[in-house]
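As provided, final10.cif (mmCIF, C-alpha atoms) reads as follows.
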```
data_start
#
loop_
_atom_site.label_atom_id
_atom_site.label_comp_id
_atom_site.auth_asym_id
_atom_site.auth_seq_id
_atom_site.Cartn_x
_atom_site.Cartn_y
_atom_site.Cartn_z
CA MET A 1 7.14 13.73 -19.06
CA ALA A 2 7.31 17.46 -18.41
CA ASP A 3 10.25 19.01 -16.58
CA ARG A 4 8.10 20.65 -13.95
CA VAL A 5 6.09 18.79 -11.39
CA ARG A 6 2.34 19.08 -11.71
CA VAL A 7 0.50 20.59 -8.78
CA LEU A 8 -3.09 19.60 -8.07
CA LYS A 9 -5.10 21.23 -5.29
CA VAL A 10 -7.16 18.81 -3.24
CA LYS A 11 -9.11 20.52 -0.53
CA GLN A 12 -11.55 19.63 2.20
CA SER A 13 -13.94 21.99 3.98
CA VAL A 14 -12.30 24.10 6.69
CA LEU A 15 -12.77 23.53 10.38
CA ALA A 16 -14.98 25.71 12.55
CA ASN A 17 -13.50 28.94 13.80
CA ASN A 18 -12.71 29.07 17.48
CA ASP A 19 -11.14 32.50 17.69
CA LYS A 20 -13.88 34.07 19.81
CA ARG A 21 -13.66 31.36 22.46
CA ALA A 22 -9.87 31.69 22.49
CA GLU A 23 -10.12 35.46 23.09
CA GLU A 24 -12.53 34.95 25.99
CA PHE A 25 -10.26 32.37 27.55
CA ARG A 26 -7.21 34.61 27.05
CA ALA A 27 -9.06 37.44 28.84
CA GLU A 28 -9.89 35.08 31.73
CA LEU A 29 -6.23 34.06 32.05
CA LYS A 30 -5.13 37.69 31.95
CA GLU A 31 -7.58 38.60 34.70
CA LYS A 32 -6.26 35.75 36.84
CA GLY A 33 -2.65 36.73 36.08
CA ILE A 34 -1.80 33.34 34.65
CA PHE A 35 0.59 33.16 31.70
CA MET A 36 -0.18 30.25 29.39
CA ILE A 37 2.30 28.67 26.99
CA ASN A 38 1.17 26.39 24.16
CA LEU A 39 4.05 23.99 23.45
CA MET A 40 3.94 22.47 19.98
CA SER A 41 6.15 20.25 17.78
CA SER A 42 6.35 17.01 15.81
CA PRO A 43 6.15 13.72 17.71
CA GLY A 44 9.45 12.90 19.37
CA SER A 45 10.98 16.38 19.20
CA GLY A 46 11.64 16.46 22.91
CA LYS A 47 8.70 18.44 24.34
CA THR A 48 8.42 16.45 27.56
CA THR A 49 12.16 16.36 28.23
CA LEU A 50 12.43 20.13 27.71
CA LEU A 51 9.43 20.68 29.95
CA VAL A 52 10.96 18.69 32.80
CA ASN A 53 14.19 20.69 32.52
CA LEU A 54 12.39 24.03 32.31
CA ILE A 55 10.07 23.37 35.24
CA ASN A 56 12.94 22.29 37.47
CA ARG A 57 14.68 25.58 36.70
CA LEU A 58 11.60 27.79 37.04
CA LYS A 59 9.81 26.26 39.98
CA LYS A 60 11.71 28.26 42.61
CA ASP A 61 10.37 31.48 41.00
CA LEU A 62 6.99 30.47 39.61
CA ARG A 63 4.06 28.27 40.57
CA ILE A 64 3.62 26.07 37.52
CA GLY A 65 0.83 23.87 36.21
CA VAL A 66 0.98 21.53 33.22
CA MET A 67 -1.68 20.21 30.85
CA GLU A 68 -0.44 17.16 28.97
CA ALA A 69 -2.43 16.40 25.85
CA ASP A 70 -2.26 12.98 24.24
CA MET A 71 -4.65 10.96 22.24
CA ASP A 72 -5.03 8.22 24.78
CA ALA A 73 -1.89 7.79 26.88
CA SER A 74 -0.86 9.35 30.16
CA VAL A 75 2.85 8.51 30.21
CA ASP A 76 3.94 12.13 29.77
CA ALA A 77 1.85 13.38 32.66
CA GLU A 78 3.29 10.64 34.86
CA THR A 79 6.78 11.71 33.83
CA ILE A 80 6.13 15.38 34.58
CA LEU A 81 4.63 14.56 37.95
CA SER A 82 7.39 12.19 39.01
CA LYS A 83 10.28 14.34 37.76
CA THR A 84 9.10 17.84 38.73
CA GLY A 85 6.25 17.54 41.21
CA ALA A 86 4.34 20.18 39.21
CA ARG A 87 0.56 20.29 39.28
CA VAL A 88 -0.45 18.31 36.20
CA ILE A 89 -3.51 17.11 34.35
CA GLN A 90 -3.64 14.71 31.40
CA LEU A 91 -6.00 15.63 28.59
CA ASN A 92 -7.05 12.83 26.27
CA THR A 93 -8.46 13.92 22.96
CA SER A 94 -9.76 10.48 21.93
CA GLY A 95 -8.02 10.66 18.59
CA GLU A 96 -8.24 14.39 17.85
CA CYS A 97 -4.97 15.78 16.57
CA HIS A 98 -5.07 19.14 18.33
CA LEU A 99 -6.43 21.11 21.25
CA ASP A 100 -8.85 23.94 20.53
CA ALA A 101 -9.78 26.78 22.91
CA LYS A 102 -12.78 24.91 24.34
CA MET A 103 -10.77 21.76 25.09
CA THR A 104 -7.93 23.83 26.55
CA SER A 105 -10.21 25.87 28.80
CA GLU A 106 -11.93 22.68 30.00
CA GLY A 107 -8.51 21.25 30.78
CA PHE A 108 -7.52 24.45 32.58
CA HIS A 109 -10.63 24.35 34.75
CA GLY A 110 -9.91 20.72 35.56
CA LEU A 111 -6.37 21.54 36.63
CA ASP A 112 -7.26 23.63 39.68
CA ALA A 113 -5.15 26.55 38.56
CA GLN A 114 -5.75 28.62 41.71
CA GLY A 115 -2.60 30.54 42.56
CA LEU A 116 -0.56 29.50 39.55
CA ASP A 117 1.68 31.93 37.63
CA LEU A 118 2.36 29.79 34.59
CA VAL A 119 0.40 27.05 32.84
CA ILE A 120 2.02 25.06 30.07
CA LEU A 121 -0.04 23.09 27.58
CA GLU A 122 1.92 20.30 25.93
CA ASN A 123 -0.10 19.96 22.74
CA ILE A 124 -0.40 16.79 20.63
CA GLY A 125 2.82 15.99 18.73
CA ASN A 126 1.89 17.31 15.31
CA LEU A 127 3.13 20.10 13.03
CA VAL A 128 -0.19 20.57 11.27
CA CYS A 129 -3.49 20.68 13.16
CA PRO A 130 -2.39 22.34 16.44
CA ALA A 131 -1.25 25.37 14.43
CA GLU A 132 -4.77 25.89 13.13
CA PHE A 133 -6.37 26.47 16.53
CA ASP A 134 -5.78 29.41 18.83
CA THR A 135 -5.87 27.86 22.31
CA GLY A 136 -5.97 31.19 24.13
CA ALA A 137 -2.29 30.96 25.12
CA ALA A 138 -0.17 34.08 25.65
CA MET A 139 2.73 32.40 23.84
CA ASN A 140 3.19 29.67 21.26
CA LEU A 141 6.49 27.91 21.88
CA VAL A 142 7.48 25.69 18.94
CA LEU A 143 10.19 23.02 18.98
CA LEU A 144 12.10 21.81 15.95
CA SER A 145 14.55 18.99 16.56
CA VAL A 146 17.80 18.67 14.64
CA PRO A 147 17.01 15.18 13.23
CA GLU A 148 13.80 16.50 11.63
CA GLY A 149 15.76 18.75 9.33
CA ASP A 150 16.06 22.47 8.63
CA ASP A 151 13.51 22.25 5.77
CA LYS A 152 10.47 21.86 8.03
CA PRO A 153 9.51 25.58 7.94
CA LEU A 154 9.12 25.21 4.16
CA LYS A 155 6.76 22.27 4.53
CA TYR A 156 4.73 23.23 7.58
CA PRO A 157 4.61 27.02 7.18
CA LEU A 158 1.54 27.67 9.31
CA MET A 159 3.18 26.25 12.45
CA PHE A 160 6.23 28.43 11.94
CA ARG A 161 4.05 31.46 11.28
CA ARG A 162 2.06 30.89 14.47
CA GLY A 163 5.03 30.40 16.79
CA ASP A 164 6.31 33.25 18.98
CA ALA A 165 9.54 31.60 20.12
CA PHE A 166 11.36 28.62 18.60
CA VAL A 167 13.54 26.05 20.28
CA PHE A 168 15.96 23.96 18.25
CA THR A 169 16.26 20.75 20.29
CA LYS A 170 18.75 17.84 20.25
CA MET A 171 21.54 20.18 19.14
CA ASP A 172 24.04 17.49 20.20
CA ALA A 173 22.71 15.32 17.33
CA ARG A 174 24.44 17.60 14.83
CA VAL A 175 27.34 15.15 14.96
CA VAL A 176 25.22 12.79 12.85
CA PHE A 177 22.68 15.08 11.15
CA ASP A 178 23.11 18.00 8.81
CA PHE A 179 21.07 20.83 10.27
CA ASP A 180 21.93 24.36 9.26
CA VAL A 181 20.84 26.60 12.13
CA ASP A 182 21.22 29.78 10.07
CA LYS A 183 19.14 28.32 7.26
CA ALA A 184 16.43 27.21 9.68
CA LYS A 185 16.33 30.68 11.27
CA GLU A 186 16.22 32.42 7.90
CA ARG A 187 13.34 30.21 6.72
CA ILE A 188 11.37 30.89 9.89
CA LEU A 189 12.09 34.64 9.83
CA ARG A 190 10.78 34.84 6.28
CA LEU A 191 7.42 33.57 7.58
CA ASN A 192 7.65 35.29 10.91
CA PRO A 193 9.89 38.36 11.27
CA ASN A 194 9.46 38.59 15.05
CA ALA A 195 10.58 35.04 15.79
CA VAL A 196 13.18 34.46 18.52
CA PHE A 197 15.37 31.36 18.74
CA PHE A 198 16.81 29.12 21.41
CA PRO A 199 19.14 26.27 20.46
CA VAL A 200 19.26 23.68 23.26
CA SER A 201 20.68 20.29 24.07
CA ALA A 202 19.01 18.57 26.99
CA LYS A 203 21.65 15.84 26.88
CA LEU A 204 24.56 18.30 27.23
CA ASP A 205 22.49 20.63 29.41
CA GLU A 206 23.15 23.54 27.06
CA GLY A 207 20.82 26.43 26.29
CA VAL A 208 18.07 25.56 28.75
CA ASP A 209 19.13 28.25 31.26
CA THR A 210 18.86 30.96 28.61
CA LEU A 211 15.40 29.78 27.60
CA ALA A 212 14.26 29.58 31.22
CA GLU A 213 15.44 33.16 31.86
CA TYR A 214 13.62 34.40 28.78
CA LEU A 215 10.38 32.71 29.84
CA LEU A 216 10.68 34.03 33.39
CA ALA A 217 11.10 37.57 32.03
CA ARG A 218 8.06 37.15 29.80
CA VAL A 219 5.89 35.87 32.65
CA ARG A 220 6.93 38.78 34.92
CA GLU A 221 6.33 41.33 32.18
CA TYR A 222 2.87 39.85 31.58
CA LYS A 223 1.92 39.96 35.25
CA GLU A 224 3.08 43.56 35.66
CA LYS A 225 1.08 44.94 32.77
CA MET B 1 -1.87 16.74 45.33
CA ALA B 2 -2.90 13.17 44.53
CA ASP B 3 -0.32 10.56 43.54
CA ARG B 4 -2.05 9.66 40.32
CA VAL B 5 -2.43 11.95 37.36
CA ARG B 6 -5.98 13.05 36.61
CA VAL B 7 -7.32 12.13 33.20
CA LEU B 8 -9.97 14.29 31.57
CA LYS B 9 -11.57 13.35 28.26
CA VAL B 10 -12.01 16.26 25.86
CA LYS B 11 -13.57 15.23 22.61
CA GLN B 12 -14.68 16.81 19.34
CA SER B 13 -17.13 15.37 16.87
CA VAL B 14 -15.66 12.67 14.62
CA LEU B 15 -14.85 13.19 10.98
CA ALA B 16 -16.97 11.84 8.17
CA ASN B 17 -16.50 8.23 7.22
CA ASN B 18 -14.80 7.65 3.91
CA ASP B 19 -14.61 3.86 3.99
CA LYS B 20 -17.02 3.30 1.09
CA ARG B 21 -15.09 5.56 -1.25
CA ALA B 22 -11.84 3.87 -0.23
CA GLU B 23 -13.25 0.43 -1.07
CA GLU B 24 -14.42 1.62 -4.49
CA PHE B 25 -11.01 3.13 -5.23
CA ARG B 26 -9.27 -0.04 -4.01
CA ALA B 27 -11.42 -2.10 -6.40
CA GLU B 28 -10.51 0.23 -9.28
CA LEU B 29 -6.80 -0.15 -8.51
CA LYS B 30 -7.16 -3.93 -8.30
CA GLU B 31 -8.90 -4.05 -11.66
CA LYS B 32 -6.09 -1.99 -13.20
CA GLY B 33 -3.45 -4.17 -11.54
CA ILE B 34 -1.86 -1.22 -9.72
CA PHE B 35 -0.50 -1.76 -6.22
CA MET B 36 -0.76 1.36 -4.06
CA ILE B 37 1.35 2.07 -0.98
CA ASN B 38 0.37 4.74 1.53
CA LEU B 39 3.61 5.97 3.14
CA MET B 40 3.09 7.62 6.53
CA SER B 41 5.25 9.01 9.35
CA SER B 42 6.04 12.06 11.47
CA PRO B 43 7.57 15.09 9.75
CA GLY B 44 11.27 14.56 9.12
CA SER B 45 11.34 10.77 9.55
CA GLY B 46 12.94 10.25 6.16
CA LYS B 47 10.02 9.39 3.86
CA THR B 48 11.37 11.18 0.80
CA THR B 49 14.91 9.85 1.21
CA LEU B 50 13.63 6.29 1.59
CA LEU B 51 11.38 6.74 -1.42
CA VAL B 52 14.26 7.88 -3.63
CA ASN B 53 16.34 4.87 -2.55
CA LEU B 54 13.48 2.42 -3.04
CA ILE B 55 12.47 3.71 -6.46
CA ASN B 56 16.02 3.56 -7.74
CA ARG B 57 16.19 -0.09 -6.69
CA LEU B 58 12.73 -1.05 -8.00
CA LYS B 59 12.50 0.87 -11.25
CA LYS B 60 14.19 -1.82 -13.33
CA ASP B 61 11.40 -4.24 -12.32
CA LEU B 62 8.37 -2.01 -11.87
CA ARG B 63 6.84 1.05 -13.50
CA ILE B 64 6.39 3.42 -10.58
CA GLY B 65 4.33 6.55 -9.98
CA VAL B 66 4.50 8.84 -6.95
CA MET B 67 1.94 11.16 -5.36
CA GLU B 68 3.62 13.66 -3.06
CA ALA B 69 1.26 15.24 -0.57
CA ASP B 70 2.20 18.46 1.18
CA MET B 71 0.24 21.33 2.55
CA ASP B 72 1.62 23.88 0.14
CA ALA B 73 5.14 23.03 -0.96
CA SER B 74 6.40 21.00 -3.91
CA VAL B 75 10.03 20.45 -2.88
CA ASP B 76 9.55 16.70 -2.33
CA ALA B 77 8.06 16.12 -5.76
CA GLU B 78 10.94 18.05 -7.33
CA THR B 79 13.36 15.84 -5.41
CA ILE B 80 11.66 12.61 -6.51
CA LEU B 81 11.59 13.76 -10.12
CA SER B 82 15.20 14.89 -10.24
CA LYS B 83 16.62 11.92 -8.33
CA THR B 84 14.59 9.05 -9.77
CA GLY B 85 12.85 10.21 -12.94
CA ALA B 86 9.65 8.55 -11.71
CA ARG B 87 6.26 9.82 -12.84
CA VAL B 88 5.21 12.19 -10.04
CA ILE B 89 2.39 14.50 -9.06
CA GLN B 90 2.32 16.96 -6.15
CA LEU B 91 -0.88 17.11 -4.16
CA ASN B 92 -1.44 20.22 -2.09
CA THR B 93 -4.00 19.90 0.63
CA SER B 94 -4.22 23.63 1.43
CA GLY B 95 -3.68 23.03 5.11
CA GLU B 96 -5.40 19.67 5.55
CA CYS B 97 -3.37 17.25 7.64
CA HIS B 98 -4.17 14.07 5.75
CA LEU B 99 -5.29 12.58 2.46
CA ASP B 100 -8.67 10.85 2.32
CA ALA B 101 -9.86 8.42 -0.36
CA LYS B 102 -11.45 11.16 -2.46
CA MET B 103 -8.32 13.32 -2.47
CA THR B 104 -6.12 10.29 -3.18
CA SER B 105 -8.26 9.10 -6.06
CA GLU B 106 -8.31 12.62 -7.52
CA GLY B 107 -4.53 12.66 -7.28
CA PHE B 108 -4.31 9.24 -8.87
CA HIS B 109 -6.45 10.32 -11.81
CA GLY B 110 -4.27 13.41 -12.20
CA LEU B 111 -1.12 11.29 -12.29
CA ASP B 112 -1.82 9.51 -15.57
CA ALA B 113 -1.29 6.09 -14.07
CA GLN B 114 -1.71 4.20 -17.35
CA GLY B 115 0.66 1.24 -17.40
CA LEU B 116 2.00 1.64 -13.88
CA ASP B 117 2.58 -1.33 -11.54
CA LEU B 118 3.11 0.57 -8.33
CA VAL B 119 1.87 3.92 -7.05
CA ILE B 120 3.25 5.35 -3.84
CA LEU B 121 1.44 8.06 -1.92
CA GLU B 122 3.74 10.04 0.36
CA ASN B 123 1.18 11.25 2.87
CA ILE B 124 1.47 14.45 4.97
CA GLY B 125 4.08 14.12 7.73
CA ASN B 126 1.82 13.41 10.67
CA LEU B 127 1.28 10.50 13.06
CA VAL B 128 -2.33 11.38 13.78
CA CYS B 129 -4.78 12.33 11.04
CA PRO B 130 -3.48 10.22 8.14
CA ALA B 131 -4.12 7.09 10.22
CA GLU B 132 -7.80 7.98 10.45
CA PHE B 133 -8.48 7.82 6.73
CA ASP B 134 -8.39 4.74 4.53
CA THR B 135 -6.94 6.02 1.25
CA GLY B 136 -7.72 2.85 -0.71
CA ALA B 137 -4.08 1.69 -0.60
CA ALA B 138 -3.18 -2.01 -0.68
CA MET B 139 -0.51 -1.41 1.96
CA ASN B 140 0.17 1.11 4.70
CA LEU B 141 3.92 1.53 5.12
CA VAL B 142 4.78 3.39 8.33
CA LEU B 143 8.17 4.89 9.19
CA LEU B 144 9.45 5.48 12.69
CA SER B 145 12.83 7.20 12.93
CA VAL B 146 15.30 6.43 15.70
CA PRO B 147 15.45 10.05 17.00
CA GLU B 148 11.68 10.08 17.58
CA GLY B 149 11.97 7.38 20.21
CA ASP B 150 10.70 3.84 20.76
CA ASP B 151 7.73 5.12 22.80
CA LYS B 152 5.78 6.47 19.81
CA PRO B 153 3.56 3.36 19.44
CA LEU B 154 2.29 4.05 22.97
CA LYS B 155 1.34 7.61 22.11
CA TYR B 156 0.05 7.29 18.57
CA PRO B 157 -1.54 3.82 18.71
CA LEU B 158 -3.91 4.23 15.78
CA MET B 159 -1.06 4.79 13.32
CA PHE B 160 0.73 1.68 14.54
CA ARG B 161 -2.49 -0.32 14.40
CA ARG B 162 -3.17 0.76 10.82
CA GLY B 163 0.30 0.02 9.45
CA ASP B 164 1.02 -3.21 7.58
CA ALA B 165 4.80 -2.91 7.47
CA PHE B 166 7.07 -0.72 9.59
CA VAL B 167 10.42 0.79 8.71
CA PHE B 168 12.76 1.97 11.46
CA THR B 169 14.75 4.72 9.75
CA LYS B 170 18.00 6.53 10.62
CA MET B 171 19.32 3.42 12.35
CA ASP B 172 22.82 4.95 12.17
CA ALA B 173 21.62 7.61 14.66
CA ARG B 174 21.64 5.01 17.43
CA VAL B 175 25.13 6.23 18.24
CA VAL B 176 23.51 9.32 19.78
CA PHE B 177 19.96 8.20 20.59
CA ASP B 178 18.63 5.44 22.80
CA PHE B 179 16.21 3.47 20.69
CA ASP B 180 15.41 -0.08 21.70
CA VAL B 181 14.43 -1.93 18.52
CA ASP B 182 13.04 -4.91 20.44
CA LYS B 183 10.94 -2.64 22.62
CA ALA B 184 9.59 -0.76 19.61
CA LYS B 185 8.69 -4.05 17.88
CA GLU B 186 7.04 -5.43 20.99
CA ARG B 187 4.95 -2.27 21.43
CA ILE B 188 3.83 -2.37 17.81
CA LEU B 189 3.09 -6.12 17.88
CA ARG B 190 0.87 -5.61 20.89
CA LEU B 191 -1.32 -3.30 18.78
CA ASN B 192 -0.80 -5.16 15.56
CA PRO B 193 0.17 -8.85 15.70
CA ASN B 194 0.78 -9.12 11.92
CA ALA B 195 3.28 -6.26 11.73
CA VAL B 196 6.55 -6.82 9.88
CA PHE B 197 9.69 -4.73 10.43
CA PHE B 198 12.54 -3.33 8.38
CA PRO B 199 15.38 -1.46 10.10
CA VAL B 200 17.20 0.74 7.58
CA SER B 201 19.91 3.34 7.37
CA ALA B 202 19.85 5.39 4.18
CA LYS B 203 23.15 6.97 5.18
CA LEU B 204 24.95 3.62 5.53
CA ASP B 205 22.87 2.10 2.74
CA GLU B 206 21.76 -0.72 5.02
CA GLY B 207 18.44 -2.54 4.98
CA VAL B 208 16.99 -0.86 1.88
CA ASP B 209 17.63 -3.89 -0.36
CA THR B 210 15.69 -6.17 1.96
CA LEU B 211 12.76 -3.76 2.03
CA ALA B 212 12.82 -3.37 -1.77
CA GLU B 213 12.74 -7.16 -2.22
CA TYR B 214 9.83 -7.47 0.16
CA LEU B 215 7.85 -4.80 -1.69
CA LEU B 216 8.62 -6.32 -5.07
CA ALA B 217 7.33 -9.70 -3.86
CA ARG B 218 4.17 -8.08 -2.51
CA VAL B 219 3.49 -6.26 -5.79
CA ARG B 220 3.99 -9.48 -7.83
CA GLU B 221 1.77 -11.49 -5.50
CA TYR B 222 -0.95 -8.82 -5.83
CA LYS B 223 -0.79 -8.77 -9.61
CA GLU B 224 -0.95 -12.57 -9.88
CA LYS B 225 -4.02 -13.00 -7.72
#
```
Would you mind giving the structure from this file in structure tokens?
Amino acid sequence: MADRVRVLKVKQSVLANNDKRAEEFRAELKEKGIFMINLMSSPGSGKTTLLVNLINRLKKDLRIGVMEADMDASVDAETILSKTGARVIQLNTSGECHLDAKMTSEGFHGLDAQGLDLVILENIGNLVCPAEFDTGAAMNLVLLSVPEGDDKPLKYPLMFRRGDAFVFTKMDARVVFDFDVDKAKERILRLNPNAVFFPVSAKLDEGVDTLAEYLLARVREYKEK
Amino acid sequence: MADRVRVLKVKQSVLANNDKRAEEFRAELKEKGIFMINLMSSPGSGKTTLLVNLINRLKKDLRIGVMEADMDASVDAETILSKTGARVIQLNTSGECHLDAKMTSEGFHGLDAQGLDLVILENIGNLVCPAEFDTGAAMNLVLLSVPEGDDKPLKYPLMFRRGDAFVFTKMDARVVFDFDVDKAKERILRLNPNAVFFPVSAKLDEGVDTLAEYLLARVREYKEK
């Protein structure tokens, strides 16, 4: 047996390009003055919990709508509605592993976004497919939870290249998991030199204020331009 | 605002069916007496760690080969090779989020599987796409880690329907995470009445022996039939 591992490329045909549709939808959002965030991560990284905490901090300043994408459940939308009162719509993808610009814009038009300042799309829990599709969002917010490990940027590089801001969630779990924050940052910055980082613990209520302030500033900046 | 959440179906066209190819590949494996396991989970659920522990327990009884699938890294294959000495090949999918039967059989033929008893495919870390494609494996082994939460079967039902055996990993992390094992089992059994379960902690070295014995019995049973 050789010392080095053999590498074999196995490749399928690529998916259709949806960049044009995403640009049109982004222009529509800009015209309406609505900032859209595309929230992405692995399953179970804490997207819904973070969303509840963020909305409850931001709702005095911003009118917020949420699009919850899941393959065929609606538990997250129920949670958002009951815990924040935000305007919410559940998008079911019937098995698709991502939202593209068409699906997102259909969801947006189903949400009744009249008068909103901020719309957050909670994408399907997945580090692969959602990264491949521009949804038309003004910002890609990517979560990486401590239990997943600081090596994820090495293994899912496209997601970490496509993110604008990164949230390290479940920081309290560092008592049981090795997770080197500096190493994670360095690996992301190598893919994405403009990345910004927010370590948070929803359980200890740490870091969420800082993230909320950052997002509020970004929304205001967007609406002023 | 209504009390109930609105549900909108947004759907893309389905992917091509690869069932025929999977059946042909399964027949080839059967003829060669090679048991194949398709290992699936979210990113960071502990697939590689479990694999290292399993191989080191099983290698005295079985000749084992490993196919490591990743989008464009080879760190896992290097780990398997250095920590177990097993015959290993890295499959790079160039961005694809799953392995289908064609890709798996190409990988298998690249592995030089002559004389092996057991081949394990470590699929891409993803709870969505890999569940959609029969790889030709004799067994789908699905991991769910404690930090991901016991609600994942509700949100990724296809994966939990397609699994044959389920491993709850990082059981030691229950000191910081709520994870109701009975609830997780019940949710999986509702989708999949024949499911069997193995709670493990690689850190505490608990539960891995039981899983290894189960797999050994399954491989022997398969080879005798």
May I have a table of the residues of chain B lying at most 8 Å from chain A, giving each one's closest pair of atoms and their distance in Å to one decimal, counting all atoms listed in the file, ordered by chain and ascending residue number, as a tab-separated table?
```
residue	atom	partner	partner_atom	distance
B:Met1	CA	A:Arg87	CA	7.4
B:Arg4	CA	A:Glu78	CA	7.7
B:Val5	CA	A:Ile89	CA	6.1
B:Arg6	CA	A:Ile89	CA	5.3
B:Val7	CA	A:Gln90	CA	4.8
B:Leu8	CA	A:Leu91	CA	5.1
B:Lys9	CA	A:Asn92	CA	5.0
B:Val10	CA	A:Thr93	CA	5.1
B:Lys11	CA	A:Thr93	CA	5.3
B:Gln12	CA	A:Glu96	CA	7.0
B:Ser42	CA	A:Pro43	CA	6.5
B:Pro43	CA	A:Ser42	CA	6.5
B:Gly44	CA	A:Glu148	CA	4.1
B:Ser45	CA	A:Glu148	CA	6.6
B:Asp70	CA	A:Lys155	CA	6.8
B:Met71	CA	A:Lys155	CA	6.9
B:Asp72	CA	A:Lys155	CA	6.9
B:Ala73	CA	A:Lys155	CA	5.8
B:Ser74	CA	A:Val7	CA	7.7
B:Ala77	CA	A:Val5	CA	6.5
B:Glu78	CA	A:Val5	CA	6.4
B:Leu81	CA	A:Val5	CA	7.6
B:Arg87	CA	A:Met1	CA	7.4
B:Val88	CA	A:Val5	CA	6.8
B:Ile89	CA	A:Arg6	CA	5.3
B:Gln90	CA	A:Val7	CA	4.8
B:Leu91	CA	A:Leu8	CA	5.1
B:Asn92	CA	A:Lys9	CA	5.0
B:Thr93	CA	A:Val10	CA	5.1
B:Ser94	CA	A:Lys11	CA	6.1
B:Gly95	CA	A:Val128	CA	7.5
B:Glu96	CA	A:Gln12	CA	7.0
B:Cys97	CA	A:Val128	CA	5.9
B:Met103	CA	A:Val10	CA	5.7
B:Glu106	CA	A:Val10	CA	7.6
B:Gly107	CA	A:Leu8	CA	7.1
B:Gly110	CA	A:Leu8	CA	7.5
B:Asn126	CA	A:Asn126	CA	6.1
B:Leu127	CA	A:Asn126	CA	7.2
B:Val128	CA	A:Cys97	CA	5.8
B:Cys129	CA	A:Cys97	CA	6.5
B:Pro147	CA	A:Pro147	CA	6.6
B:Glu148	CA	A:Gly44	CA	4.0
B:Gly149	CA	A:Gly44	CA	6.1
B:Lys152	CA	A:Gly44	CA	7.4
B:Leu154	CA	A:Ala73	CA	6.8
B:Lys155	CA	A:Ala73	CA	5.8
B:Tyr156	CA	A:Met71	CA	7.0
B:Ala173	CA	A:Val176	CA	6.6
B:Val176	CA	A:Ala173	CA	6.5
```
Applying the PyMOL selection byres ((chain B and resi 193-196) around 9) to the file I just gave you, which residues come out? Please list them as JSON, numbers by chain. {"B": [160, 161, 163, 164, 165, 166, 167, 185, 188, 189, 190, 191, 192, 197, 198]}
To verify the selection step, state as a count of residues only which residues the PyMOL selection byres ((chain B and resi 113) around 12) yields on this input. 31
Give me the residues near B:Met171 as a list in words, where near means some atom within 7 Å (using only C-alpha atoms) and where sequence neighbours in that chain fewer than 6 positions away do not count. Val146, Pro199, Val200 and Ser201 of chain B
Might you spell out which residues the PyMOL selection byres ((chain A and resi 225) around 12) would select in the displayed file, as a PDB file with C-alpha atoms, in the coordinates of the input?
```pdb
ATOM      1  CA  LYS A  30      -5.130  37.690  31.950  1.00  0.00           C
ATOM      2  CA  GLU A  31      -7.580  38.600  34.700  1.00  0.00           C
ATOM      3  CA  GLY A  33      -2.650  36.730  36.080  1.00  0.00           C
ATOM      4  CA  PHE A  35       0.590  33.160  31.700  1.00  0.00           C
ATOM      5  CA  ARG A 218       8.060  37.150  29.800  1.00  0.00           C
ATOM      6  CA  VAL A 219       5.890  35.870  32.650  1.00  0.00           C
ATOM      7  CA  ARG A 220       6.930  38.780  34.920  1.00  0.00           C
ATOM      8  CA  GLU A 221       6.330  41.330  32.180  1.00  0.00           C
ATOM      9  CA  TYR A 222       2.870  39.850  31.580  1.00  0.00           C
ATOM     10  CA  LYS A 223       1.920  39.960  35.250  1.00  0.00           C
ATOM     11  CA  GLU A 224       3.080  43.560  35.660  1.00  0.00           C
TER      12      GLU A 224
END
```
Please report the interatomic distance between atom CA of B:Leu121 and atom CA of B:Arg26 in Å with one decimal. 13.6 Å
Between atom CA of B:Ala22 and atom CA of B:Arg162, measure the distance and give it in Å to one decimal. 14.4 Å
Given only C-alpha atoms as the counted atoms, nearest of A:Asn56, A:Thr169, A:Thr48, A:Thr135 to A:Asn17: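 Nearest candidate to A:Asn17 out of A:Asn56, A:Thr169, A:Thr48, A:Thr135: A:Thr135.
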How many Å separate atom CA of B:Glu24 from atom CA of B:Glu122? 20.6 Å
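Around B:Asn18, within 7 Å and counting only C-alpha atoms, the residues found are Ala16, Lys20, Arg21, Ala22, Ala101 and Phe133 of chain B, once anything fewer than 2 positions away on its own chain is removed.
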Which residue of A:Pro130, A:Leu204, A:Lys60, A:Phe25 approaches A:Leu216 most closely, using only C-alpha atoms: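 When distances to A:Leu216 are compared using only C-alpha atoms, the smallest one comes from A:Lys60.
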